[in-house]
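Visitor: Next comes the structure file data17.cif, holding mmCIF, C-alpha atoms.
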```
data_start
#
loop_
_atom_site.label_atom_id
_atom_site.label_comp_id
_atom_site.auth_asym_id
_atom_site.auth_seq_id
_atom_site.Cartn_x
_atom_site.Cartn_y
_atom_site.Cartn_z
CA MET A 1 -26.76 -8.37 -17.02
CA VAL A 2 -23.80 -10.38 -15.76
CA ALA A 3 -21.69 -11.21 -18.82
CA SER A 4 -18.95 -13.02 -16.93
CA ARG A 5 -17.80 -13.72 -13.42
CA ARG A 6 -14.21 -14.18 -12.26
CA THR A 7 -13.18 -15.36 -8.81
CA GLU A 8 -10.39 -13.15 -7.46
CA THR A 9 -9.94 -14.56 -3.97
CA ARG A 10 -11.86 -16.71 -1.50
CA ASP A 11 -14.45 -13.98 -0.90
CA THR A 12 -14.02 -11.61 -3.85
CA VAL A 13 -15.27 -11.78 -7.41
CA THR A 14 -15.24 -9.49 -10.43
CA LEU A 15 -18.40 -9.24 -12.48
CA ALA A 16 -18.46 -7.94 -16.04
CA LEU A 17 -21.80 -6.20 -16.56
CA ARG A 18 -23.37 -5.43 -19.92
CA PRO A 19 -26.56 -3.48 -20.49
CA ALA A 20 -29.72 -5.54 -20.76
CA ALA A 21 -31.78 -2.60 -22.03
CA GLN A 22 -30.51 0.95 -21.55
CA PRO A 23 -26.81 1.65 -22.16
CA ILE A 24 -24.64 1.85 -19.06
CA GLY A 25 -23.19 5.35 -18.67
CA SER A 26 -19.48 5.76 -19.32
CA HIS A 27 -17.39 6.13 -16.19
CA ARG A 28 -14.16 7.72 -15.11
CA PRO A 29 -11.57 5.72 -13.14
CA GLY A 30 -12.32 6.00 -9.44
CA GLN A 31 -16.08 6.31 -9.70
CA PHE A 32 -18.55 3.85 -8.23
CA THR A 33 -21.99 2.49 -9.03
CA MET A 34 -24.90 1.38 -6.88
CA LEU A 35 -25.52 -2.30 -7.58
CA TYR A 36 -28.89 -3.78 -6.72
CA ALA A 37 -29.31 -7.47 -6.00
CA PHE A 38 -33.04 -7.71 -6.65
CA GLY A 39 -35.00 -8.49 -3.54
CA VAL A 40 -31.94 -8.26 -1.30
CA GLY A 41 -30.64 -4.72 -1.42
CA GLU A 42 -28.35 -2.14 -2.96
CA VAL A 43 -24.72 -1.31 -2.20
CA PRO A 44 -22.01 0.99 -3.59
CA ILE A 45 -19.33 -0.89 -5.51
CA SER A 46 -16.14 0.42 -7.08
CA ILE A 47 -15.60 0.10 -10.79
CA SER A 48 -12.40 -1.88 -11.29
CA GLY A 49 -12.07 -1.80 -15.07
CA PRO A 50 -10.98 1.03 -17.36
CA PRO A 51 -13.64 2.85 -19.37
CA ASN A 52 -14.29 0.80 -22.50
CA GLY A 53 -17.78 1.80 -23.52
CA SER A 54 -19.23 -1.69 -23.57
CA GLU A 55 -19.11 -3.18 -20.11
CA LEU A 56 -18.53 -2.37 -16.47
CA LEU A 57 -16.12 -4.40 -14.38
CA GLN A 58 -17.11 -4.40 -10.73
CA THR A 59 -15.10 -6.13 -8.03
CA ILE A 60 -17.13 -7.17 -5.01
CA ARG A 61 -16.14 -8.64 -1.67
CA ALA A 62 -18.74 -10.76 0.08
CA VAL A 63 -19.13 -9.15 3.50
CA GLY A 64 -22.92 -9.12 3.94
CA ALA A 65 -26.22 -10.27 2.50
CA VAL A 66 -26.22 -7.96 -0.54
CA THR A 67 -22.59 -8.44 -1.50
CA GLU A 68 -22.94 -12.20 -1.00
CA ALA A 69 -25.88 -12.20 -3.41
CA LEU A 70 -23.92 -10.13 -5.93
CA CYS A 71 -20.86 -12.34 -5.63
CA ALA A 72 -22.99 -15.39 -6.30
CA ALA A 73 -24.49 -13.94 -9.48
CA GLU A 74 -23.79 -16.21 -12.43
CA PRO A 75 -23.59 -15.09 -16.09
CA GLY A 76 -27.01 -14.21 -17.43
CA ARG A 77 -28.31 -12.94 -14.10
CA LEU A 78 -29.84 -9.45 -14.05
CA ILE A 79 -28.46 -6.89 -11.62
CA GLY A 80 -29.70 -3.34 -11.12
CA VAL A 81 -27.10 -0.65 -11.85
CA ARG A 82 -27.30 3.06 -11.01
CA GLY A 83 -24.50 5.44 -11.78
CA PRO A 84 -21.63 5.86 -12.24
CA PHE A 85 -21.35 8.38 -9.42
CA GLY A 86 -18.81 10.57 -7.71
CA THR A 87 -15.42 12.05 -8.33
CA ASP A 88 -12.52 10.26 -9.99
CA TRP A 89 -8.76 9.86 -9.80
CA GLY A 90 -8.27 12.45 -12.55
CA VAL A 91 -6.51 9.92 -14.72
CA GLY A 92 -6.65 9.66 -18.49
CA LEU A 93 -7.35 11.88 -21.47
CA ALA A 94 -10.92 10.73 -21.74
CA ALA A 95 -11.43 11.49 -18.07
CA SER A 96 -10.60 15.14 -18.65
CA ALA A 97 -12.69 15.47 -21.78
CA ASP A 98 -15.70 13.60 -20.46
CA ARG A 99 -16.16 15.41 -17.19
CA PRO A 100 -19.61 16.80 -16.61
CA ALA A 101 -19.77 20.55 -17.14
CA SER A 102 -20.72 21.09 -13.51
CA ALA A 103 -17.77 19.24 -12.04
CA GLY A 104 -15.73 21.43 -9.77
CA ARG A 105 -18.02 24.43 -10.14
CA PRO A 106 -19.83 25.32 -6.96
CA ALA A 107 -23.39 26.37 -7.63
CA ASP A 108 -26.23 27.27 -5.30
CA GLY A 109 -24.03 26.77 -2.27
CA GLU A 110 -23.27 23.14 -3.16
CA LEU A 111 -19.88 21.78 -2.27
CA THR A 112 -18.03 20.13 -5.10
CA THR A 113 -14.58 18.69 -5.41
CA PRO A 114 -12.06 20.52 -7.56
CA VAL A 115 -11.30 18.72 -10.80
CA MET A 116 -8.09 16.79 -10.42
CA ALA A 117 -5.52 17.11 -13.16
CA ASP A 118 -4.28 14.14 -15.10
CA PRO A 119 -0.77 13.28 -13.81
CA ALA A 120 0.63 13.26 -17.34
CA GLY A 121 4.37 13.86 -17.33
CA LYS A 122 4.64 13.00 -13.64
CA ASP A 123 5.49 10.00 -11.53
CA VAL A 124 2.43 8.16 -10.28
CA LEU A 125 2.56 6.23 -7.04
CA VAL A 126 -0.36 3.87 -6.53
CA VAL A 127 -0.78 2.54 -2.97
CA ALA A 128 -3.46 -0.08 -2.35
CA GLY A 129 -4.57 -1.96 0.72
CA GLY A 130 -6.68 -5.10 0.33
CA ILE A 131 -9.73 -4.69 -1.87
CA GLY A 132 -8.77 -1.02 -2.22
CA LEU A 133 -6.86 -2.14 -5.28
CA ALA A 134 -10.16 -2.44 -7.19
CA PRO A 135 -10.84 1.27 -7.88
CA LEU A 136 -7.13 1.83 -8.40
CA ARG A 137 -7.00 -0.90 -11.04
CA SER A 138 -9.31 1.19 -13.20
CA ALA A 139 -6.85 4.11 -13.05
CA LEU A 140 -3.80 1.90 -13.42
CA LEU A 141 -5.02 0.14 -16.56
CA THR A 142 -6.03 3.48 -18.03
CA MET A 143 -2.51 4.82 -17.46
CA LEU A 144 -0.79 1.67 -18.71
CA ALA A 145 -2.82 1.90 -21.93
CA ALA A 146 -1.17 5.30 -22.50
CA ARG A 147 2.10 4.46 -20.80
CA GLU A 148 4.13 7.13 -22.61
CA ARG A 149 2.05 9.90 -21.03
CA TYR A 150 3.42 9.21 -17.56
CA ARG A 151 6.88 8.95 -16.01
CA ARG A 152 7.41 6.19 -13.47
CA ILE A 153 4.32 4.25 -12.43
CA THR A 154 4.86 2.45 -9.12
CA VAL A 155 2.29 0.18 -7.51
CA LEU A 156 2.52 -0.80 -3.83
CA VAL A 157 0.06 -3.42 -2.66
CA GLY A 158 -0.65 -4.51 0.90
CA SER A 159 -2.66 -7.64 1.57
CA ARG A 160 -3.67 -9.76 4.53
CA SER A 161 -2.03 -12.90 3.14
CA PRO A 162 -0.67 -14.20 -0.16
CA GLN A 163 -3.97 -15.97 -0.81
CA GLU A 164 -5.91 -12.72 -0.44
CA ILE A 165 -3.99 -10.56 -2.92
CA ALA A 166 -6.56 -9.06 -5.25
CA PHE A 167 -5.77 -9.40 -8.97
CA ALA A 168 -2.70 -11.49 -8.12
CA GLY A 169 -2.73 -13.04 -11.57
CA GLU A 170 -2.34 -9.64 -13.23
CA LEU A 171 0.68 -8.29 -11.38
CA SER A 172 3.20 -9.69 -13.83
CA SER A 173 1.32 -8.22 -16.78
CA TRP A 174 1.32 -4.80 -15.08
CA ARG A 175 5.09 -5.11 -14.73
CA ALA A 176 5.37 -6.08 -18.40
CA LEU A 177 3.39 -2.97 -19.33
CA GLY A 178 5.84 -0.74 -17.52
CA ALA A 179 4.78 -0.52 -13.88
CA GLU A 180 7.05 -1.23 -10.93
CA VAL A 181 5.01 -3.44 -8.61
CA HIS A 182 5.76 -4.36 -4.98
CA VAL A 183 3.56 -6.51 -2.78
CA THR A 184 3.67 -7.05 0.96
CA VAL A 185 1.47 -9.19 3.20
CA ASP A 186 0.59 -9.03 6.88
CA ARG A 187 0.84 -12.77 7.37
CA ALA A 188 3.03 -15.04 5.29
CA SER A 189 2.22 -18.63 4.66
CA ALA A 190 4.79 -21.31 3.93
CA GLY A 191 6.54 -20.77 0.63
CA TRP A 192 5.90 -17.02 0.34
CA ARG A 193 9.12 -15.42 -0.87
CA GLY A 194 7.89 -11.84 -1.01
CA ASP A 195 7.70 -9.08 1.56
CA VAL A 196 6.04 -9.28 4.96
CA GLY A 197 5.06 -6.02 6.64
CA VAL A 198 2.75 -3.06 6.24
CA VAL A 199 2.44 -1.26 2.94
CA THR A 200 3.98 1.96 4.26
CA GLN A 201 7.25 0.07 4.80
CA LEU A 202 7.44 -0.43 1.03
CA LEU A 203 7.73 3.33 0.65
CA ASP A 204 11.32 3.01 1.88
CA ARG A 205 12.10 1.03 -1.27
CA VAL A 206 10.76 3.65 -3.64
CA ASP A 207 12.76 6.56 -4.97
CA ILE A 208 10.29 9.43 -4.68
CA ASP A 209 10.61 12.75 -6.48
CA PRO A 210 8.18 14.65 -4.27
CA ALA A 211 7.71 17.66 -6.51
CA ALA A 212 6.76 15.50 -9.48
CA THR A 213 4.73 12.72 -7.86
CA ILE A 214 1.00 12.20 -7.69
CA ALA A 215 -0.10 9.51 -5.22
CA LEU A 216 -3.33 7.56 -5.53
CA VAL A 217 -4.25 5.74 -2.32
CA CYS A 218 -7.13 3.40 -1.49
CA GLY A 219 -7.65 0.93 1.33
CA PRO A 220 -8.96 0.80 4.87
CA GLU A 221 -9.20 4.31 6.29
CA VAL A 222 -6.48 3.79 8.89
CA MET A 223 -4.14 2.52 6.17
CA MET A 224 -4.90 5.56 4.00
CA ARG A 225 -4.33 7.96 6.89
CA LEU A 226 -0.97 6.41 7.73
CA THR A 227 0.06 6.22 4.09
CA ALA A 228 -0.91 9.82 3.39
CA ARG A 229 1.00 10.94 6.47
CA ALA A 230 4.07 8.98 5.34
CA LEU A 231 3.85 10.39 1.82
CA ALA A 232 3.56 13.91 3.15
CA GLY A 233 6.57 13.14 5.30
CA ARG A 234 8.47 12.27 2.13
CA GLY A 235 7.69 15.74 0.82
CA ILE A 236 4.71 15.12 -1.47
CA ALA A 237 2.28 18.04 -1.30
CA THR A 238 -0.98 17.15 0.42
CA ALA A 239 -2.86 18.38 -2.66
CA ASP A 240 -1.02 15.73 -4.71
CA ILE A 241 -2.08 12.84 -2.47
CA ARG A 242 -5.46 11.53 -3.60
CA LEU A 243 -7.54 9.23 -1.40
CA SER A 244 -10.72 7.29 -2.07
CA LEU A 245 -12.98 7.59 0.95
CA GLU A 246 -15.98 5.55 1.87
CA ARG A 247 -19.04 6.23 3.96
CA ASN A 248 -22.53 4.83 3.81
CA MET A 249 -23.45 5.72 0.23
CA ARG A 250 -27.17 5.22 -0.39
CA CYS A 251 -28.76 7.56 -2.92
CA GLY A 252 -25.65 8.38 -4.96
CA ILE A 253 -27.02 11.80 -5.86
CA ALA A 254 -26.31 13.85 -2.73
CA GLU A 255 -29.89 13.84 -1.50
CA CYS A 256 -30.14 11.48 1.44
CA GLY A 257 -27.14 12.56 3.52
CA HIS A 258 -26.08 9.08 4.61
CA CYS A 259 -22.57 9.53 3.25
CA GLN A 260 -21.91 12.82 4.99
CA LEU A 261 -18.34 13.52 6.08
CA GLY A 262 -18.36 16.91 7.74
CA PRO A 263 -19.31 19.42 5.05
CA LEU A 264 -19.05 16.83 2.28
CA LEU A 265 -21.41 14.29 0.81
CA LEU A 266 -19.05 11.63 -0.43
CA CYS A 267 -21.30 10.24 -3.14
CA ARG A 268 -20.97 13.59 -4.87
CA ASP A 269 -17.90 15.33 -3.40
CA GLY A 270 -16.01 12.02 -3.20
CA PRO A 271 -15.13 9.27 -3.16
CA VAL A 272 -11.81 10.69 -4.42
CA LEU A 273 -10.52 13.66 -2.47
CA ASP A 274 -7.08 15.10 -2.02
CA TYR A 275 -5.43 14.79 1.38
CA GLU A 276 -5.30 18.54 1.79
CA ARG A 277 -9.08 18.46 2.05
CA ALA A 278 -9.61 15.00 3.50
CA GLY A 279 -6.82 15.04 6.10
CA PRO A 280 -8.43 17.44 8.58
CA LEU A 281 -11.75 15.57 8.30
CA LEU A 282 -10.16 12.16 8.90
CA ALA A 283 -8.65 13.50 12.11
CA ILE A 284 -12.08 14.20 13.64
CA ARG A 285 -13.24 11.13 15.55
CA GLU A 286 -16.89 12.14 15.52
CA LEU A 287 -16.95 12.01 11.71
CA MET B 1 33.96 -10.75 3.16
CA THR B 2 35.83 -7.69 1.96
CA GLY B 3 36.61 -4.34 3.50
CA VAL B 4 34.40 -1.30 3.07
CA LEU B 5 35.41 2.22 2.14
CA PRO B 6 34.07 4.98 4.40
CA ALA B 7 32.29 6.51 1.39
CA GLU B 8 30.44 3.23 0.77
CA LEU B 9 29.44 2.95 4.40
CA GLY B 10 28.26 6.56 4.53
CA GLU B 11 25.96 6.00 1.56
CA HIS B 12 23.76 3.57 3.45
CA ALA B 13 20.49 5.15 4.59
CA PHE B 14 21.02 4.01 8.17
CA LEU B 15 24.23 6.02 8.57
CA ARG B 16 23.53 8.87 6.19
CA GLY B 17 24.39 12.18 7.80
CA LEU B 18 26.73 10.72 10.42
CA PRO B 19 29.91 12.86 10.69
CA ALA B 20 32.78 11.63 8.52
CA GLU B 21 35.06 10.92 11.48
CA TYR B 22 32.52 8.43 12.85
CA ILE B 23 31.95 6.83 9.47
CA ALA B 24 35.71 6.36 9.13
CA ARG B 25 35.88 4.75 12.56
CA LEU B 26 32.99 2.38 11.86
CA ALA B 27 34.47 1.45 8.47
CA GLN B 28 37.41 -0.08 10.33
CA VAL B 29 35.11 -2.79 11.72
CA ALA B 30 32.89 -3.14 8.64
CA ALA B 31 32.91 -5.78 5.93
CA ALA B 32 30.97 -6.23 2.71
CA VAL B 33 29.07 -9.48 2.31
CA SER B 34 27.21 -11.05 -0.57
CA VAL B 35 25.06 -14.09 0.09
CA PRO B 36 22.78 -16.29 -2.02
CA ALA B 37 19.07 -16.82 -1.45
CA GLY B 38 18.59 -19.24 1.41
CA HIS B 39 21.63 -18.10 3.38
CA ARG B 40 20.91 -17.94 7.11
CA PHE B 41 22.43 -14.95 8.84
CA PHE B 42 21.65 -16.11 12.36
CA GLU B 43 19.36 -18.28 14.42
CA GLU B 44 16.99 -17.42 17.24
CA GLY B 45 18.80 -17.62 20.59
CA GLY B 46 22.29 -17.15 19.14
CA ARG B 47 24.74 -14.56 20.47
CA ALA B 48 24.10 -11.20 18.84
CA VAL B 49 27.38 -9.60 17.81
CA GLN B 50 26.68 -8.16 14.35
CA ILE B 51 24.45 -5.79 12.46
CA TRP B 52 23.84 -5.95 8.71
CA LEU B 53 23.10 -2.84 6.69
CA ILE B 54 21.24 -4.28 3.71
CA ARG B 55 22.18 -2.81 0.35
CA THR B 56 20.22 -5.01 -2.04
CA GLY B 57 18.04 -8.10 -1.73
CA ARG B 58 15.51 -9.20 0.86
CA VAL B 59 15.91 -10.81 4.28
CA ALA B 60 13.19 -12.55 6.29
CA LEU B 61 13.07 -12.40 10.07
CA ASP B 62 11.54 -15.68 11.14
CA LEU B 63 10.39 -17.49 14.22
CA HIS B 64 10.36 -21.21 14.78
CA VAL B 65 6.98 -22.55 15.84
CA ARG B 66 6.92 -26.24 16.75
CA GLY B 67 5.09 -28.30 14.19
CA ARG B 68 4.85 -25.49 11.64
CA GLU B 69 6.92 -24.01 8.88
CA PRO B 70 9.12 -21.14 10.11
CA LEU B 71 6.86 -18.12 10.49
CA ILE B 72 8.08 -14.98 8.72
CA VAL B 73 7.35 -12.06 11.01
CA GLU B 74 8.82 -9.35 8.78
CA THR B 75 11.00 -8.80 5.75
CA VAL B 76 13.77 -6.25 5.40
CA GLY B 77 15.17 -4.88 2.17
CA GLY B 78 17.69 -2.47 0.70
CA GLY B 79 18.40 0.59 2.84
CA GLN B 80 17.18 -1.15 5.98
CA VAL B 81 19.00 -3.02 8.74
CA VAL B 82 18.98 -6.53 10.17
CA GLY B 83 20.10 -7.25 13.72
CA LEU B 84 19.16 -5.06 16.68
CA SER B 85 19.58 -7.54 19.53
CA TRP B 86 23.22 -6.61 20.21
CA VAL B 87 22.11 -3.29 21.69
CA CYS B 88 20.61 -4.52 24.94
CA PRO B 89 20.54 -7.63 27.17
CA PRO B 90 20.35 -10.56 26.83
CA TYR B 91 22.31 -9.90 23.58
CA GLU B 92 20.67 -12.86 21.89
CA TRP B 93 18.86 -12.95 18.56
CA GLN B 94 15.11 -12.83 19.11
CA TYR B 95 14.41 -14.19 15.63
CA GLY B 96 16.22 -16.03 12.88
CA ALA B 97 17.18 -14.29 9.63
CA GLN B 98 17.37 -15.75 6.15
CA ALA B 99 18.03 -14.24 2.74
CA LEU B 100 14.97 -14.65 0.50
CA ALA B 101 16.91 -13.40 -2.52
CA PRO B 102 20.57 -12.83 -3.35
CA THR B 103 21.52 -10.16 -0.85
CA THR B 104 24.39 -7.72 -0.42
CA ALA B 105 25.08 -6.00 2.86
CA ILE B 106 27.64 -4.29 5.02
CA THR B 107 28.13 -5.97 8.37
CA LEU B 108 29.63 -4.33 11.44
CA ASP B 109 31.32 -6.04 14.37
CA THR B 110 29.07 -4.75 17.13
CA THR B 111 31.43 -5.70 19.95
CA ALA B 112 33.78 -3.09 18.54
CA VAL B 113 30.93 -0.68 17.83
CA LEU B 114 29.76 -0.87 21.45
CA SER B 115 33.32 -0.24 22.59
CA TYR B 116 33.49 2.86 20.35
CA CYS B 117 30.19 4.05 21.78
CA ASP B 118 31.42 3.60 25.36
CA GLN B 119 34.50 5.67 24.51
CA ASP B 120 32.55 8.37 22.68
CA PRO B 121 28.98 8.92 23.91
CA VAL B 122 28.27 11.32 21.04
CA LEU B 123 28.74 8.46 18.58
CA GLY B 124 26.67 6.27 20.89
CA TYR B 125 23.89 8.84 20.94
CA GLN B 126 23.91 9.12 17.16
CA LEU B 127 23.68 5.37 16.71
CA ILE B 128 21.05 4.89 19.41
CA ARG B 129 18.85 7.52 17.77
CA ARG B 130 19.07 5.66 14.48
CA LEU B 131 18.44 2.30 16.09
CA MET B 132 15.53 3.73 18.05
CA THR B 133 13.99 4.96 14.81
CA VAL B 134 14.24 1.47 13.31
CA ALA B 135 12.79 -0.13 16.45
CA ALA B 136 9.96 2.41 16.65
CA ASP B 137 9.08 1.91 12.98
CA ARG B 138 8.92 -1.85 13.47
CA LEU B 139 6.85 -1.55 16.62
CA HIS B 140 4.45 0.78 14.82
CA ALA B 141 4.20 -1.59 11.86
CA SER B 142 3.59 -4.54 14.17
CA ARG B 143 0.77 -2.70 15.92
CA ILE B 144 -0.83 -1.84 12.61
CA ARG B 145 -0.66 -5.46 11.50
CA LEU B 146 -2.29 -6.50 14.77
CA LEU B 147 -5.31 -4.46 13.68
CA ASP B 148 -5.82 -6.94 10.84
CA LEU B 149 -7.07 -4.09 8.66
CA TYR B 150 -7.71 -6.16 5.55
CA ALA B 151 -9.89 -8.75 7.24
CA ALA B 152 -13.59 -8.78 6.48
CA PRO B 153 -15.45 -6.71 9.09
CA SER B 154 -16.89 -9.85 10.69
CA GLN B 155 -13.39 -11.32 11.10
CA GLN B 156 -11.84 -8.33 12.81
CA ALA B 157 -11.21 -8.30 16.53
CA GLY B 158 -13.90 -6.32 18.29
CA ALA B 159 -16.43 -6.82 15.50
CA THR B 160 -19.99 -6.83 16.75
#
```
Could you rewrite the structure in this file as structure tokens?

Guide:
Amino acid sequence: MVASRRTETRDTVTLALRPAAQPIGSHRPGQFTMLYAFGVGEVPISISGPPNGSELLQTIRAVGAVTEALCAAEPGRLIGVRGPFGTDWGVGLAASADRPASAGRPADGELTTPVMADPAGKDVLVVAGGIGLAPLRSALLTMLAARERYRRITVLVGSRSPQEIAFAGELSSWRALGAEVHVTVDRASAGWRGDVGVVTQLLDRVDIDPAATIALVCGPEVMMRLTARALAGRGIATADIRLSLERNMRCGIAECGHCQLGPLLLCRDGPVLDYERAGPLLAIREL
Amino acid sequence: MTGVLPAELGEHAFLRGLPAEYIARLAQVAAAVSVPAGHRFFEEGGRAVQIWLIRTGRVALDLHVRGREPLIVETVGGGQVVGLSWVCPPYEWQYGAQALAPTTAITLDTTAVLSYCDQDPVLGYQLIRRLMTVAADRLHASRIRLLDLYAAPSQQAGAT
């Protein structure tokens, strides 16, 4: 059931969902759920809040009939939820402890994604493009809640315009909690005093210790490809660059094959993959 | 404006790795500047005779569009450079430039720099490679922004 609804931008809202009957399963930052707008359809949506055991925060951009219906859902409205599904950013103590026993263990020829280690004691570089900040927010808030576990936490955000910056009202609180936050936009409107340019240009402003940095990247696929390439160029190992990929997730349980990316089924083997594994696949046009 | 020591000049990312003899020569025509937010470095159409190596702060490259607020086409920050139009004809600024925040920089007299490059093509080659890298990065970034990646699918060019 929709407990609350917050407008993020002109076309994006965050819904807080609480169980109407059965408890909602606990999630790990980076996972997604399948949300069902009854009578309209079902879509995969990133979880944008940290695990808290009581409610799911889901940030949705209205880009089609189903997402428009979900975005319009007012408090009290029932929404179908399946999941959470998929791999995660590997962030947080709870994430490590709560992993399913099968995670990362190939069985019966199935492909699975290696469990990603928590970047405790390392620098974390979060790079988001547009609504890609939603699944990263879940990881970021989890890390900021245990700030002492990590070294520098740097957040780079790219947006289409100042009006379309997701979670714009939270950026100052992230800074107050110990994150270094930079924002750049593609198109500046009058009065914007921040950066204008692509998000990879912000990398020039960041002092990167490549051997001790884990990068978490989410956004349009082209943006992720360019960002991952730039990060690798700065010396970060491809295995330490984590991307959240998207294909046409339908079943969420690796049965239907709609989300296939080469040998992977992203609803199970993704959405979070390291660039070492994802890079070669992203370079194949036919995929 | 105050003079700049070769060591200070050599620390800037744009010139890092340039042989010491060249750094020393460029330092002779370099000056340190510190400007407040709002300071305009140059205007579109003006004669381009300087380059600024930004140390701290943020500078907007803007374009005047009749009837609209100046349009910011790109911002440049610490470790980056402002002013490429002195390299090739018509030697006029293609954009305006304004400090968005208090900004410190090292500026070079590019009339003298071009003269040095004419006298010593190795220095010219070194500088052109660096300038080409800046220009290529900006061209690449501009092309990526043209893709309008963050638009909703229905808003993107070529959407069906």

Visitor: Can you tell me which residues surround A:Ser26 at a distance of at most 8 Å, considering all atoms listed in the file, apart from same-chain residues fewer than 4 positions away, and format the answer as a PDB file with C-alpha atoms, in the frame of the given file?

Guide:
```
ATOM      1  CA  PRO A  51     -13.640   2.850 -19.370  1.00  0.00           C
ATOM      2  CA  ASN A  52     -14.290   0.800 -22.500  1.00  0.00           C
ATOM      3  CA  GLY A  53     -17.780   1.800 -23.520  1.00  0.00           C
ATOM      4  CA  PRO A  84     -21.630   5.860 -12.240  1.00  0.00           C
TER       5      PRO A  84
END
```

Visitor: Which of these, B:Val134, B:Leu5, B:Val82, B:Ala112, has the shortest distance to B:Gln98 once you count all atoms listed in the file?

Guide: B:Val82

Visitor: Just the number, please: distance in Å from atom CA of B:Ser34 to atom CA of B:Thr56, one decimal.

Guide: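 Atom-to-atom, atom CA of B:Ser34 to atom CA of B:Thr56, that is 9.4 Å.
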
Visitor: Which polymer residues have any atom within 12 Å of an atom of stretch 116-123 of chain A, counting all atoms listed in the file, with same-chain residues fewer than 3 positions away left out, as an MDAnalysis selection string?

Guide: chainID A and resid 28:30 87:97 99 103:104 112:113 126 139:140 142:144 146:155 179:180 206:216 236 239:243 270 272:274

Visitor: Do you have the atom CA of B:Ile51-atom CA of B:Thr107 distance handy?

Guide: 5.5 Å

Visitor: Leaving out B:Gly124 and any residue of its chain fewer than 6 positions from it, which residues lie within 9 Å of it when counting only C-alpha atoms, given as JSON, numbers by chain?

Guide: {"B": [113, 114, 116, 117, 118]}

Visitor: First collect every listed atom of stretch 32-36 of chain A; then fit an axis-aligned box around them, widen it by 4 Å on each side, and give centre and edge lengths in Å to one decimal, as lines of an AutoDock Vina configuration file.

Guide:
```
center_x = -23.7
center_y = 0.0
center_z = -7.9
size_x = 18.3
size_y = 15.6
size_z = 10.3
```

Visitor: Applying the PyMOL selection byres ((chain A and resi 253) around 10) to the file I just gave you, which residues come out? Please list them as a list in words.

Guide: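 Selected by the PyMOL selection byres ((chain A and resi 253) around 10) here: Gly83, Phe85, Gly86, Met249, Arg250, Cys251, Gly252, Ala254, Glu255, Cys256, Gly257, Leu265, Leu266, Cys267 and Arg268 of chain A.
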
Visitor: Assuming the chain letters and numbering stay as they are in my file, what does the PyMOL selection byres ((chain B and resi 110) around 12) actually select? List them as an mmCIF file with C-alpha atoms, in the frame of the given file.

Guide:
```cif
data_model
loop_
_atom_site.group_PDB
_atom_site.id
_atom_site.type_symbol
_atom_site.label_atom_id
_atom_site.label_comp_id
_atom_site.auth_asym_id
_atom_site.auth_seq_id
_atom_site.Cartn_x
_atom_site.Cartn_y
_atom_site.Cartn_z
ATOM 1 C CA LEU B 26 32.990 2.380 11.860
ATOM 2 C CA ALA B 27 34.470 1.450 8.470
ATOM 3 C CA GLN B 28 37.410 -0.080 10.330
ATOM 4 C CA VAL B 29 35.110 -2.790 11.720
ATOM 5 C CA ALA B 30 32.890 -3.140 8.640
ATOM 6 C CA ALA B 31 32.910 -5.780 5.930
ATOM 7 C CA ARG B 47 24.740 -14.560 20.470
ATOM 8 C CA ALA B 48 24.100 -11.200 18.840
ATOM 9 C CA VAL B 49 27.380 -9.600 17.810
ATOM 10 C CA GLN B 50 26.680 -8.160 14.350
ATOM 11 C CA ILE B 51 24.450 -5.790 12.460
ATOM 12 C CA TRP B 52 23.840 -5.950 8.710
ATOM 13 C CA GLY B 83 20.100 -7.250 13.720
ATOM 14 C CA LEU B 84 19.160 -5.060 16.680
ATOM 15 C CA SER B 85 19.580 -7.540 19.530
ATOM 16 C CA TRP B 86 23.220 -6.610 20.210
ATOM 17 C CA VAL B 87 22.110 -3.290 21.690
ATOM 18 C CA CYS B 88 20.610 -4.520 24.940
ATOM 19 C CA TYR B 91 22.310 -9.900 23.580
ATOM 20 C CA THR B 107 28.130 -5.970 8.370
ATOM 21 C CA LEU B 108 29.630 -4.330 11.440
ATOM 22 C CA ASP B 109 31.320 -6.040 14.370
ATOM 23 C CA THR B 111 31.430 -5.700 19.950
ATOM 24 C CA ALA B 112 33.780 -3.090 18.540
ATOM 25 C CA VAL B 113 30.930 -0.680 17.830
ATOM 26 C CA LEU B 114 29.760 -0.870 21.450
ATOM 27 C CA SER B 115 33.320 -0.240 22.590
ATOM 28 C CA TYR B 116 33.490 2.860 20.350
ATOM 29 C CA CYS B 117 30.190 4.050 21.780
ATOM 30 C CA ASP B 118 31.420 3.600 25.360
ATOM 31 C CA GLY B 124 26.670 6.270 20.890
ATOM 32 C CA LEU B 127 23.680 5.370 16.710
#
```

Visitor: Expanded to explicit residues, what is the PyMOL selection byres ((chain B and resi 10) around 10) for this file, as a ChimeraX atom specification?

Guide: /B:5-9,11-20,22-24,26-27

Visitor: May I ask for the distance between atom CA of B:Glu44 and atom CA of B:Val65, given in Å to one decimal place?

Guide: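 Spanning atom CA of B:Glu44 to atom CA of B:Val65 is a straight-line distance of 11.3 Å.
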
Visitor: Dig up all the protein and nucleic acid residues within 8 Å of (-26.3, -13.9, -14.7) in the file frame, using only C-alpha atoms, and format them as an NGL selection string.

Guide: :A and (1-4 or 73-79)
